[in-house]
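To be precise, the following lines are work.tsv, and they hold TSV, C-alpha atoms.
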```
chain	number	residue	atom	x	y	z
Z	1	MET	CA	42.12	-17.42	25.88
Z	2	SER	CA	45.80	-17.65	25.01
Z	3	ARG	CA	47.92	-17.52	21.93
Z	4	LYS	CA	49.74	-20.75	21.39
Z	5	ARG	CA	53.22	-20.75	22.79
Z	6	LYS	CA	55.32	-23.69	21.84
Z	7	PRO	CA	55.65	-26.14	24.73
Z	8	LEU	CA	58.64	-25.78	27.01
Z	9	PRO	CA	61.59	-27.13	24.93
Z	10	LYS	CA	63.03	-30.48	26.07
Z	11	LYS	CA	66.37	-28.85	26.72
Z	12	ALA	CA	64.82	-26.31	29.13
Z	13	LYS	CA	66.26	-26.52	32.63
Z	14	ARG	CA	64.63	-25.76	35.93
Z	15	VAL	CA	66.86	-23.10	37.49
Z	16	PHE	CA	64.74	-22.36	40.57
Z	17	LYS	CA	62.06	-24.12	42.59
Z	18	GLY	CA	60.26	-22.16	45.29
Z	19	VAL	CA	57.13	-22.65	47.36
Z	20	ILE	CA	54.74	-21.93	44.49
Z	21	PHE	CA	56.86	-21.00	41.51
Z	22	GLU	CA	59.46	-22.74	39.38
Z	23	VAL	CA	61.65	-20.89	36.89
Z	24	TRP	CA	62.76	-22.60	33.67
Z	25	GLN	CA	65.32	-21.35	31.14
Z	26	TRP	CA	66.62	-22.39	27.75
Z	27	LYS	CA	68.69	-21.01	24.89
Z	28	GLN	CA	66.31	-19.88	22.18
Z	29	LYS	CA	67.44	-19.62	18.56
Z	30	MET	CA	66.33	-16.25	17.25
Z	31	PHE	CA	65.18	-15.40	13.70
Z	32	ASP	CA	68.65	-14.10	12.80
Z	33	GLY	CA	70.40	-17.27	14.01
Z	34	SER	CA	71.68	-15.78	17.27
Z	35	TYR	CA	70.73	-17.20	20.67
Z	36	GLN	CA	69.09	-15.66	23.74
Z	37	VAL	CA	68.21	-17.08	27.14
Z	38	PHE	CA	64.42	-17.36	27.41
Z	39	GLU	CA	62.64	-17.73	30.70
Z	40	ARG	CA	59.30	-19.16	31.67
Z	41	LEU	CA	57.58	-19.79	34.99
Z	42	LYS	CA	55.54	-22.73	36.17
Z	43	ARG	CA	53.05	-22.85	39.00
Z	44	PRO	CA	50.38	-25.32	40.15
Z	45	ASP	CA	47.11	-25.12	38.25
Z	46	THR	CA	44.13	-23.66	40.07
Z	47	CYS	CA	40.44	-24.54	40.09
Z	48	GLN	CA	37.67	-22.10	40.82
Z	49	VAL	CA	34.02	-22.95	41.37
Z	50	ILE	CA	30.79	-21.08	40.65
Z	51	PRO	CA	28.51	-22.79	43.18
Z	52	ILE	CA	24.79	-22.47	42.48
Z	53	VAL	CA	22.58	-22.51	45.57
Z	54	GLY	CA	18.92	-22.13	44.59
Z	55	ASP	CA	18.70	-18.88	42.61
Z	56	LYS	CA	21.92	-17.52	44.11
Z	57	ILE	CA	25.67	-17.85	43.63
Z	58	LEU	CA	27.87	-18.61	46.60
Z	59	ILE	CA	30.98	-16.47	46.83
Z	60	GLN	CA	33.23	-15.70	49.76
Z	61	MET	CA	34.56	-12.59	51.37
Z	62	GLN	CA	38.15	-13.55	51.99
Z	63	LYS	CA	40.87	-12.14	54.20
Z	64	GLN	CA	44.49	-13.05	53.68
Z	65	PRO	CA	47.40	-12.13	55.93
Z	66	ASP	CA	49.19	-10.20	53.17
Z	67	VAL	CA	46.15	-8.39	51.74
Z	68	VAL	CA	44.87	-5.12	53.16
Z	69	LYS	CA	41.11	-5.79	53.27
Z	70	ALA	CA	38.59	-8.56	52.67
Z	71	PHE	CA	37.90	-9.22	49.00
Z	72	PRO	CA	35.21	-11.17	47.09
Z	73	SER	CA	36.32	-14.43	45.52
Z	74	LEU	CA	35.02	-17.74	44.26
Z	75	PRO	CA	35.75	-20.92	46.22
Z	76	GLY	CA	38.79	-22.67	44.81
Z	77	GLY	CA	42.48	-23.25	45.12
Z	78	ARG	CA	45.51	-25.11	43.87
Z	79	ARG	CA	45.32	-28.51	42.29
Z	80	ASP	CA	47.50	-31.01	44.15
Z	81	GLU	CA	49.91	-33.14	42.19
Z	82	GLY	CA	48.18	-36.16	40.66
Z	83	GLU	CA	44.73	-34.73	41.38
Z	84	THR	CA	42.32	-34.12	38.48
Z	85	PRO	CA	41.00	-30.57	38.12
Z	86	LEU	CA	37.46	-31.78	38.93
Z	87	LYS	CA	38.60	-33.55	42.09
Z	88	ALA	CA	40.48	-30.45	43.21
Z	89	ALA	CA	37.43	-28.28	42.56
Z	90	LYS	CA	35.18	-30.60	44.62
Z	91	ARG	CA	37.70	-30.72	47.45
Z	92	GLU	CA	38.18	-26.96	47.56
Z	93	LEU	CA	34.44	-26.25	47.48
Z	94	LEU	CA	33.85	-28.65	50.37
Z	95	GLU	CA	36.83	-27.48	52.45
Z	96	GLU	CA	36.13	-23.81	52.00
Z	97	THR	CA	32.35	-23.71	52.15
Z	98	GLY	CA	31.06	-27.07	53.41
Z	99	TYR	CA	28.96	-27.34	50.23
Z	100	ALA	CA	28.88	-30.22	47.74
Z	101	SER	CA	27.23	-30.91	44.39
Z	102	ASN	CA	26.60	-33.89	42.11
Z	103	GLU	CA	26.28	-31.78	38.96
Z	104	TRP	CA	29.54	-30.38	37.74
Z	105	LYS	CA	30.53	-28.90	34.41
Z	106	LEU	CA	33.84	-27.46	33.31
Z	107	TRP	CA	33.01	-24.04	31.90
Z	108	ARG	CA	36.39	-22.48	31.10
Z	109	LYS	CA	40.03	-23.45	30.89
Z	110	GLN	CA	42.39	-20.50	30.63
Z	111	GLU	CA	46.08	-19.74	30.60
Z	112	PRO	CA	45.89	-16.15	31.81
Z	113	TYR	CA	49.50	-15.10	31.60
Z	114	SER	CA	51.65	-15.99	28.65
Z	115	LYS	CA	55.02	-16.25	30.39
Z	116	LEU	CA	53.60	-18.54	33.05
Z	117	ILE	CA	52.69	-22.19	32.62
Z	118	TRP	CA	49.49	-22.09	34.63
Z	119	THR	CA	46.00	-23.27	33.81
Z	120	VAL	CA	42.90	-21.96	35.55
Z	121	TYR	CA	39.83	-24.22	35.43
Z	122	THR	CA	36.41	-22.71	36.13
Z	123	PHE	CA	33.68	-25.16	37.10
Z	124	ILE	CA	29.96	-24.64	37.57
Z	125	ALA	CA	28.53	-26.70	40.43
Z	126	SER	CA	24.72	-26.87	40.24
Z	127	ASN	CA	22.27	-27.58	43.06
Z	128	CYS	CA	24.83	-27.21	45.81
Z	129	ARG	CA	23.83	-28.14	49.32
Z	130	LYS	CA	25.63	-27.76	52.62
Z	131	ILE	CA	26.81	-31.12	53.93
Z	132	GLN	CA	29.39	-30.21	56.58
Z	133	LYS	CA	30.75	-27.39	58.70
Z	134	THR	CA	33.90	-25.64	57.53
Z	135	LYS	CA	37.05	-25.77	59.52
Z	136	GLY	CA	38.99	-22.54	59.40
Z	137	ASP	CA	42.42	-22.51	57.86
Z	138	SER	CA	45.38	-20.75	59.47
Z	139	GLY	CA	46.03	-18.55	56.48
Z	140	GLU	CA	42.61	-17.42	55.32
Z	141	LYS	CA	39.50	-16.05	56.91
Z	142	THR	CA	36.46	-16.45	54.73
Z	143	LYS	CA	32.81	-15.60	55.09
Z	144	PRO	CA	30.29	-17.15	52.70
Z	145	LYS	CA	27.98	-14.77	50.82
Z	146	LEU	CA	25.03	-15.60	48.58
Z	147	ILE	CA	24.63	-13.14	45.74
Z	148	THR	CA	22.24	-12.73	42.80
Z	149	PHE	CA	23.14	-13.22	39.14
Z	150	ASN	CA	23.26	-9.44	38.64
Z	151	GLU	CA	25.50	-8.95	41.66
Z	152	PHE	CA	27.78	-11.63	40.23
Z	153	LEU	CA	28.04	-9.78	36.91
Z	154	GLU	CA	28.75	-6.53	38.75
Z	155	LEU	CA	31.87	-8.07	40.29
Z	156	SER	CA	33.48	-7.29	36.92
Z	157	ASP	CA	33.65	-3.66	38.11
Z	158	ASN	CA	35.00	-4.44	41.56
Z	159	PRO	CA	38.75	-3.81	41.68
Z	160	ASP	CA	39.07	-6.21	44.61
Z	161	PHE	CA	37.43	-9.19	42.88
Z	162	TYR	CA	39.98	-11.97	42.97
Z	163	GLU	CA	39.23	-13.82	39.74
Z	164	LYS	CA	40.61	-11.33	37.24
Z	165	GLU	CA	40.52	-13.99	34.50
Z	166	LEU	CA	36.71	-13.76	34.60
Z	167	VAL	CA	36.38	-9.98	34.34
Z	168	GLY	CA	36.20	-10.02	30.52
Z	169	VAL	CA	33.41	-12.56	30.30
Z	170	LEU	CA	31.43	-10.97	33.17
Z	171	HIS	CA	31.66	-7.60	31.43
Z	172	ARG	CA	30.38	-9.21	28.30
Z	173	ALA	CA	27.49	-10.90	30.10
Z	174	ARG	CA	26.60	-7.55	31.62
Z	175	TYR	CA	26.33	-5.63	28.39
Z	176	ASP	CA	25.67	-8.21	25.66
Z	177	LYS	CA	22.07	-9.20	26.38
Z	178	LYS	CA	22.13	-12.25	24.12
Z	179	PHE	CA	25.18	-13.63	25.85
Z	180	GLN	CA	23.68	-12.70	29.22
Z	181	LYS	CA	20.72	-14.99	28.57
Z	182	GLU	CA	22.98	-17.85	27.53
Z	183	PHE	CA	25.14	-17.36	30.59
Z	184	TYR	CA	22.12	-17.26	32.91
Z	185	LYS	CA	20.88	-20.49	31.37
Z	186	LEU	CA	24.29	-22.09	31.76
Z	187	LEU	CA	24.32	-21.24	35.47
Z	188	PHE	CA	20.68	-21.75	36.44
Z	189	GLY	CA	19.48	-24.16	33.73
L	1	MET	CA	42.27	-3.43	38.65
L	2	SER	CA	43.85	-5.14	41.64
L	3	ARG	CA	42.99	-5.69	45.26
L	4	LYS	CA	45.51	-4.08	47.50
L	5	ARG	CA	48.25	-6.39	48.60
L	6	LYS	CA	50.49	-5.06	51.28
L	7	PRO	CA	53.85	-4.02	49.85
L	8	LEU	CA	56.67	-6.54	49.90
L	9	PRO	CA	57.74	-6.69	53.59
L	10	LYS	CA	61.12	-5.16	54.37
L	11	LYS	CA	62.41	-8.51	55.61
L	12	ALA	CA	61.60	-10.17	52.24
L	13	LYS	CA	64.64	-11.64	50.53
L	14	ARG	CA	65.36	-12.07	46.87
L	15	VAL	CA	66.00	-15.79	46.48
L	16	PHE	CA	66.34	-15.87	42.68
L	17	LYS	CA	67.13	-13.41	39.90
L	18	GLY	CA	66.69	-14.54	36.31
L	19	VAL	CA	66.57	-12.82	32.94
L	20	ILE	CA	63.10	-11.35	33.47
L	21	PHE	CA	61.87	-12.63	36.81
L	22	GLU	CA	62.97	-12.27	40.39
L	23	VAL	CA	61.56	-14.40	43.21
L	24	TRP	CA	61.15	-12.96	46.70
L	25	GLN	CA	60.26	-14.82	49.91
L	26	TRP	CA	59.46	-13.96	53.51
L	27	LYS	CA	58.03	-15.58	56.63
L	28	GLN	CA	54.43	-14.45	56.93
L	29	LYS	CA	52.65	-14.49	60.28
L	30	MET	CA	49.30	-16.19	59.79
L	31	PHE	CA	46.02	-15.38	61.57
L	32	ASP	CA	46.58	-18.17	64.08
L	33	GLY	CA	50.08	-16.96	64.97
L	34	SER	CA	51.93	-19.64	62.98
L	35	TYR	CA	54.33	-18.75	60.16
L	36	GLN	CA	54.46	-19.73	56.48
L	37	VAL	CA	56.91	-18.90	53.72
L	38	PHE	CA	55.18	-16.57	51.26
L	39	GLU	CA	56.46	-16.02	47.76
L	40	ARG	CA	56.07	-13.19	45.29
L	41	LEU	CA	57.56	-12.49	41.87
L	42	LYS	CA	58.86	-9.29	40.41
L	43	ARG	CA	59.33	-8.41	36.76
L	44	PRO	CA	60.05	-5.20	34.85
L	45	ASP	CA	56.99	-3.03	34.23
L	46	THR	CA	55.68	-2.86	30.69
L	47	CYS	CA	54.21	-0.06	28.61
L	48	GLN	CA	51.74	-0.54	25.79
L	49	VAL	CA	50.62	2.09	23.32
L	50	ILE	CA	47.35	2.65	21.45
L	51	PRO	CA	48.67	4.73	18.52
L	52	ILE	CA	46.05	6.77	16.69
L	53	VAL	CA	46.79	7.38	13.00
L	54	GLY	CA	43.99	9.38	11.40
L	55	ASP	CA	40.78	7.43	12.01
L	56	LYS	CA	42.65	4.17	12.55
L	57	ILE	CA	44.57	2.39	15.30
L	58	LEU	CA	48.03	1.03	14.59
L	59	ILE	CA	48.60	-2.50	15.84
L	60	GLN	CA	51.19	-5.06	14.83
L	61	MET	CA	51.11	-8.64	13.70
L	62	GLN	CA	53.98	-10.08	15.66
L	63	LYS	CA	56.00	-13.27	15.34
L	64	GLN	CA	58.16	-14.52	18.17
L	65	PRO	CA	60.58	-17.43	18.05
L	66	ASP	CA	58.74	-19.35	20.79
L	67	VAL	CA	55.19	-18.69	19.58
L	68	VAL	CA	53.49	-20.86	16.96
L	69	LYS	CA	51.91	-18.18	14.73
L	70	ALA	CA	51.76	-14.42	14.26
L	71	PHE	CA	49.52	-12.65	16.78
L	72	PRO	CA	48.01	-9.14	17.01
L	73	SER	CA	49.51	-6.85	19.64
L	74	LEU	CA	49.94	-3.23	20.56
L	75	PRO	CA	53.37	-1.61	20.26
L	76	GLY	CA	55.15	-1.65	23.59
L	77	GLY	CA	57.67	-3.41	25.76
L	78	ARG	CA	59.59	-3.40	28.98
L	79	ARG	CA	60.48	-0.26	30.87
L	80	ASP	CA	64.23	0.03	31.36
L	81	GLU	CA	65.56	0.75	34.82
L	82	GLY	CA	65.42	4.48	35.60
L	83	GLU	CA	63.17	5.18	32.60
L	84	THR	CA	59.75	6.76	33.18
L	85	PRO	CA	56.76	4.82	31.83
L	86	LEU	CA	56.06	7.60	29.31
L	87	LYS	CA	59.63	7.62	28.03
L	88	ALA	CA	59.55	3.84	27.65
L	89	ALA	CA	56.26	4.05	25.75
L	90	LYS	CA	57.65	6.69	23.34
L	91	ARG	CA	60.83	4.68	22.79
L	92	GLU	CA	59.00	1.43	22.13
L	93	LEU	CA	56.51	3.04	19.73
L	94	LEU	CA	59.35	4.59	17.75
L	95	GLU	CA	61.56	1.49	17.74
L	96	GLU	CA	58.80	-0.90	16.80
L	97	THR	CA	56.80	1.17	14.33
L	98	GLY	CA	58.81	4.28	13.35
L	99	TYR	CA	55.87	6.42	14.53
L	100	ALA	CA	55.94	9.31	17.02
L	101	SER	CA	53.39	11.56	18.70
L	102	ASN	CA	53.35	14.78	20.71
L	103	GLU	CA	50.03	14.04	22.42
L	104	TRP	CA	50.24	11.35	25.02
L	105	LYS	CA	47.89	10.38	27.78
L	106	LEU	CA	48.14	7.59	30.33
L	107	TRP	CA	44.86	5.71	30.10
L	108	ARG	CA	45.30	2.72	32.41
L	109	LYS	CA	47.67	1.43	35.03
L	110	GLN	CA	47.11	-2.17	35.98
L	111	GLU	CA	48.64	-4.91	38.10
L	112	PRO	CA	47.20	-7.87	36.25
L	113	TYR	CA	48.41	-10.75	38.39
L	114	SER	CA	48.26	-10.62	42.14
L	115	LYS	CA	51.30	-12.75	42.95
L	116	LEU	CA	53.50	-10.75	40.60
L	117	ILE	CA	54.84	-7.26	41.21
L	118	TRP	CA	54.30	-5.96	37.70
L	119	THR	CA	52.60	-2.82	36.46
L	120	VAL	CA	51.25	-2.45	32.93
L	121	TYR	CA	50.81	1.11	31.66
L	122	THR	CA	48.54	1.74	28.68
L	123	PHE	CA	49.07	5.02	26.82
L	124	ILE	CA	47.06	6.63	24.08
L	125	ALA	CA	49.23	8.42	21.52
L	126	SER	CA	47.15	10.79	19.37
L	127	ASN	CA	47.97	12.11	15.88
L	128	CYS	CA	50.84	9.71	15.30
L	129	ARG	CA	53.01	10.21	12.25
L	130	LYS	CA	55.78	8.13	10.78
L	131	ILE	CA	59.16	9.78	11.31
L	132	GLN	CA	61.64	6.98	10.69
L	133	LYS	CA	62.07	3.49	9.27
L	134	THR	CA	62.04	0.58	11.67
L	135	LYS	CA	65.05	-1.56	12.16
L	136	GLY	CA	64.18	-5.22	12.66
L	137	ASP	CA	65.07	-6.88	15.92
L	138	SER	CA	66.61	-10.34	16.08
L	139	GLY	CA	63.88	-11.75	18.26
L	140	GLU	CA	60.67	-10.38	16.78
L	141	LYS	CA	59.17	-10.04	13.35
L	142	THR	CA	56.42	-7.47	13.24
L	143	LYS	CA	54.18	-6.12	10.53
L	144	PRO	CA	52.23	-2.91	11.15
L	145	LYS	CA	48.48	-3.03	10.60
L	146	LEU	CA	45.99	-0.16	10.66
L	147	ILE	CA	42.59	-1.20	11.98
L	148	THR	CA	39.27	0.52	12.63
L	149	PHE	CA	37.79	1.23	16.06
L	150	ASN	CA	35.37	-1.69	15.64
L	151	GLU	CA	38.14	-4.05	14.62
L	152	PHE	CA	40.03	-2.94	17.72
L	153	LEU	CA	37.06	-3.78	19.97
L	154	GLU	CA	36.70	-7.16	18.27
L	155	LEU	CA	40.22	-8.09	19.37
L	156	SER	CA	38.57	-8.85	22.71
L	157	ASP	CA	37.31	-12.08	21.10
L	158	ASN	CA	40.61	-13.03	19.50
L	159	PRO	CA	42.34	-15.72	21.57
L	160	ASP	CA	45.70	-14.69	20.09
L	161	PHE	CA	45.47	-11.00	21.09
L	162	TYR	CA	48.50	-10.32	23.25
L	163	GLU	CA	47.16	-7.70	25.65
L	164	LYS	CA	44.92	-9.87	27.81
L	165	GLU	CA	44.75	-7.09	30.42
L	166	LEU	CA	42.61	-5.11	27.95
L	167	VAL	CA	40.09	-7.82	27.08
L	168	GLY	CA	37.66	-6.80	29.83
L	169	VAL	CA	37.50	-3.16	28.87
L	170	LEU	CA	37.29	-3.92	25.14
L	171	HIS	CA	34.40	-6.29	25.81
L	172	ARG	CA	32.69	-3.56	27.76
L	173	ALA	CA	33.22	-1.00	25.01
L	174	ARG	CA	31.75	-3.47	22.54
L	175	TYR	CA	28.52	-4.07	24.38
L	176	ASP	CA	27.96	-1.03	26.61
L	177	LYS	CA	27.04	1.65	24.07
L	178	LYS	CA	27.42	4.53	26.52
L	179	PHE	CA	30.93	3.45	27.42
L	180	GLN	CA	31.66	2.80	23.75
L	181	LYS	CA	30.98	6.45	22.95
L	182	GLU	CA	33.21	7.65	25.77
L	183	PHE	CA	35.98	5.30	24.69
L	184	TYR	CA	35.72	6.42	21.07
L	185	LYS	CA	35.96	10.02	22.20
L	186	LEU	CA	38.96	9.22	24.37
L	187	LEU	CA	40.76	7.69	21.40
L	188	PHE	CA	39.70	9.97	18.54
L	189	GLY	CA	38.78	13.19	20.40
```

So that I can check it, write out the structure of this file as C-alpha cells.
Amino acid sequence: MSRKRKPLPKKAKRVFKGVIFEVWQWKQKMFDGSYQVFERLKRPDTCQVIPIVGDKILIQMQKQPDVVKAFPSLPGGRRDEGETPLKAAKRELLEETGYASNEWKLWRKQEPYSKLIWTVYTFIASNCRKIQKTKGDSGEKTKPKLITFNEFLELSDNPDFYEKELVGVLHRARYDKKFQKEFYKLLFG
Amino acid sequence: MSRKRKPLPKKAKRVFKGVIFEVWQWKQKMFDGSYQVFERLKRPDTCQVIPIVGDKILIQMQKQPDVVKAFPSLPGGRRDEGETPLKAAKRELLEETGYASNEWKLWRKQEPYSKLIWTVYTFIASNCRKIQKTKGDSGEKTKPKLITFNEFLELSDNPDFYEKELVGVLHRARYDKKFQKEFYKLLFG
C-alpha cells in the first residue's frame, strides 16, 4: 500500500521525541546538487484485529476524551517495544474485549502515510471466545458490538469509522462481488 | 472522512516546530479524572487537482530524491500561509504542469489521519489548457501523463499511487457502476 521511500538515512538525527511521535531530519541532496532539510516522523506501530465470533465480527463503539462522540473501531492498539505484532494483537484483543483466539492470520501490513514511519498490521482472529472480563481503562470507554459481514463492509461509508486504512478494501469488497466472496471466505472460512 | 475530534484545546502548547511538522501537547482530563499528556501534529494543508484535458485526466510521473522510483500522482502541493485552497490549487497546477482552467470545483475535503491536523482538498479543474512551459524544480522531476477515466480508476490498485486518500473512492467508482456513472459525469460533464 505504499510507494517505496528510501529508509531513513544513517545521518538522520532525531530532533524531537514526544509521547507518541518522534521527528527526524536530515540534509537531502536534491537533483540539482543543492541541499534541503527533509523531515520524517516516527510513531509506534499499531495492530488491529478482526475478531470472528461465530458468524459475526466483533467491533467496539469507543469513546475517547478528546473525541466528540462514540465511534466504531476494531480492537487494537500500539505495539510495545520488543513485542511482536502478533503478540501485541493478542494482548490488545484480550485487554479490550476479553476475547481470545488460537487461529490468527496476518491479513494486511500497511504504511498509510508516506511522511510517517508507521506500520499498521491487520490480523484476522478466527473462532474467538470470551475468556475473561474486561477491565476499563482510564482513557477509553468501549462497548463491544457484534455485527454481520454486510454491516462490516458498510463501515466503509461511515465517516466515524476509526480504521481509515481499511476503507479502500471494504469499499472494494462491497462492490466487487468476486472479491467479496474471497474476503468472506478469508474471514469465515 | 473523519470522526470529529474536538479542536486543539486552548491550553495546548506547541512543543516543536520543524520544516513541515509542528507538535502540540496538552494535559487531557481522562474519564476517571486523572490526567495524561495528549499529543497532536499539525502540518500545512495540501491541495490536489484532477485536471481534465479533453477526454483524459492529466497526472504526473514524479521522482523525488528520497523515493526509490517514479510514482503516479496528481498535480498539487502545500497551501502557503494566507493562501486560499483554490488559489493554492491553481498555482500548483500551473507551476507543475503549465496548465490552467477557468472551471474549478472543490470535490472533497478530507482529514486523512486523526492524530494530525491536516486537511487535503481535492479539486476538479475542467477544460484545462496549456498556457505556459513548466520550469523544473530542484527537488522533483515530473513527467506529465494523460490517462483515461478507466486508467484513473485503476490507480486505486497501484501501490505507488501517491494520493492514498483517494484509493477508497476510486475503488468504489471501479466496482459500483451507479457511482461510476456519477463520478464520470462529475469529471467530464

If you measure from atom CA of Z:Leu166 to atom CA of L:Asp157, what distance in Å do you get, rounded to one decimal?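 Separating atom CA of Z:Leu166 from atom CA of L:Asp157 is a distance of 13.6 Å.
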
Report, in Å with one decimal, the straight-line distance from atom CA of Z:Lys133 to atom CA of Z:Glu95.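 Distance reported for this atom pair: 8.7 Å.
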
What's the separation between atom CA of Z:Pro72 and atom CA of Z:Asn150, in Å to one decimal place?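 One can read the atom CA of Z:Pro72 to atom CA of Z:Asn150 distance as 14.7 Å.
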
For stretch 60-67 of chain L, work out the shell of residues within 12 Å, counting all atoms listed in the file and skipping chain neighbours fewer than 6 positions away, then give it as an MDAnalysis selection string. (chainID Z and resid 2:9 26:40 114:115) or (chainID L and resid 48:51 73:76 93 96:97 136:147 152 160:163)

If we count only C-alpha atoms and set the cut-off at 12 Å, which residues sit around L:Leu153, ignoring sequence neighbours fewer than 6 positions away in its own chain? Please answer as a list in words. Arg172 of chain Z; Ile57, Ile147, Phe161, Leu166, Val167, Gly168, Val169, Leu170, His171, Arg172, Ala173, Arg174, Tyr175, Asp176, Gln180, Phe183 and Tyr184 of chain L

Quick one: of Z:Leu41, Z:Cys47, Z:Ala100, Z:Leu58, who's nearest to chain L, counting all atoms listed in the file?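 Under the stated criterion, the closest residue is Z:Leu41.
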
Nearest to chain L, chosen from Z:Glu151, Z:Glu111, Z:Glu182, Z:Glu81, with all atoms listed in the file counted in the distances: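 Of all the options, Z:Glu111 lies closest to chain L.
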
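Taking all atoms listed in the file into account, chain Z lies nearest to L:Ile20 out of the set L:Thr122, L:Arg78, L:Ile20, L:Lys11.
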
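Distances here use only C-alpha atoms; by that measure, the residue among Z:Leu106, Z:Ile52, Z:Ala70, Z:Ile59 closest to chain L is Z:Ala70.
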
Can you rebuild stretch 31-38 of chain Z with all heavy atoms and give it as a CSV table (one decimal), in the frame of the given file?
```
chain,number,residue,atom,x,y,z
Z,31,PHE,N,65.4,-15.4,15.2
Z,31,PHE,CA,65.2,-15.4,13.7
Z,31,PHE,C,66.5,-15.1,12.9
Z,31,PHE,O,66.6,-15.6,11.8
Z,31,PHE,CB,64.1,-14.4,13.3
Z,31,PHE,CG,62.7,-14.7,13.8
Z,31,PHE,CD1,62.0,-13.8,14.6
Z,31,PHE,CD2,62.1,-15.9,13.5
Z,31,PHE,CE1,60.8,-14.1,15.1
Z,31,PHE,CE2,60.9,-16.2,14.0
Z,31,PHE,CZ,60.2,-15.3,14.8
Z,32,ASP,N,67.4,-14.4,13.5
Z,32,ASP,CA,68.6,-14.1,12.8
Z,32,ASP,C,69.7,-15.1,13.1
Z,32,ASP,O,70.9,-14.9,12.7
Z,32,ASP,CB,69.1,-12.7,13.1
Z,32,ASP,CG,69.6,-12.6,14.6
Z,32,ASP,OD1,69.5,-13.6,15.4
Z,32,ASP,OD2,70.0,-11.5,15.0
Z,33,GLY,N,69.4,-16.2,13.8
Z,33,GLY,CA,70.4,-17.3,14.0
Z,33,GLY,C,71.1,-17.1,15.3
Z,33,GLY,O,71.8,-18.1,15.8
Z,34,SER,N,71.0,-16.0,16.0
Z,34,SER,CA,71.7,-15.8,17.3
Z,34,SER,C,70.9,-16.5,18.4
Z,34,SER,O,69.8,-17.0,18.1
Z,34,SER,CB,71.8,-14.3,17.6
Z,34,SER,OG,70.5,-13.7,17.8
Z,35,TYR,N,71.4,-16.5,19.6
Z,35,TYR,CA,70.7,-17.2,20.7
Z,35,TYR,C,70.5,-16.2,21.8
Z,35,TYR,O,71.3,-15.3,22.1
Z,35,TYR,CB,71.6,-18.4,21.2
Z,35,TYR,CG,71.5,-19.6,20.3
Z,35,TYR,CD1,72.3,-19.7,19.2
Z,35,TYR,CD2,70.5,-20.6,20.5
Z,35,TYR,CE1,72.3,-20.8,18.3
Z,35,TYR,CE2,70.5,-21.7,19.6
Z,35,TYR,CZ,71.3,-21.8,18.5
Z,35,TYR,OH,71.2,-22.8,17.7
Z,36,GLN,N,69.4,-16.4,22.5
Z,36,GLN,CA,69.1,-15.7,23.7
Z,36,GLN,C,68.5,-16.6,24.8
Z,36,GLN,O,67.9,-17.6,24.5
Z,36,GLN,CB,68.0,-14.6,23.5
Z,36,GLN,CG,68.6,-13.3,23.0
Z,36,GLN,CD,67.5,-12.2,22.9
Z,36,GLN,OE1,66.5,-12.2,23.6
Z,36,GLN,NE2,67.7,-11.3,22.0
Z,37,VAL,N,68.8,-16.3,26.1
Z,37,VAL,CA,68.2,-17.1,27.1
Z,37,VAL,C,66.8,-16.7,27.3
Z,37,VAL,O,66.5,-15.5,27.6
Z,37,VAL,CB,69.0,-16.9,28.5
Z,37,VAL,CG1,68.3,-17.7,29.6
Z,37,VAL,CG2,70.4,-17.4,28.3
Z,38,PHE,N,65.8,-17.6,27.2
Z,38,PHE,CA,64.4,-17.4,27.4
Z,38,PHE,C,64.0,-18.0,28.8
Z,38,PHE,O,64.6,-18.9,29.2
Z,38,PHE,CB,63.6,-18.0,26.3
Z,38,PHE,CG,63.3,-17.1,25.1
Z,38,PHE,CD1,64.3,-16.2,24.7
Z,38,PHE,CD2,62.1,-17.1,24.5
Z,38,PHE,CE1,64.1,-15.4,23.6
Z,38,PHE,CE2,61.8,-16.2,23.4
Z,38,PHE,CZ,62.8,-15.4,23.0
```
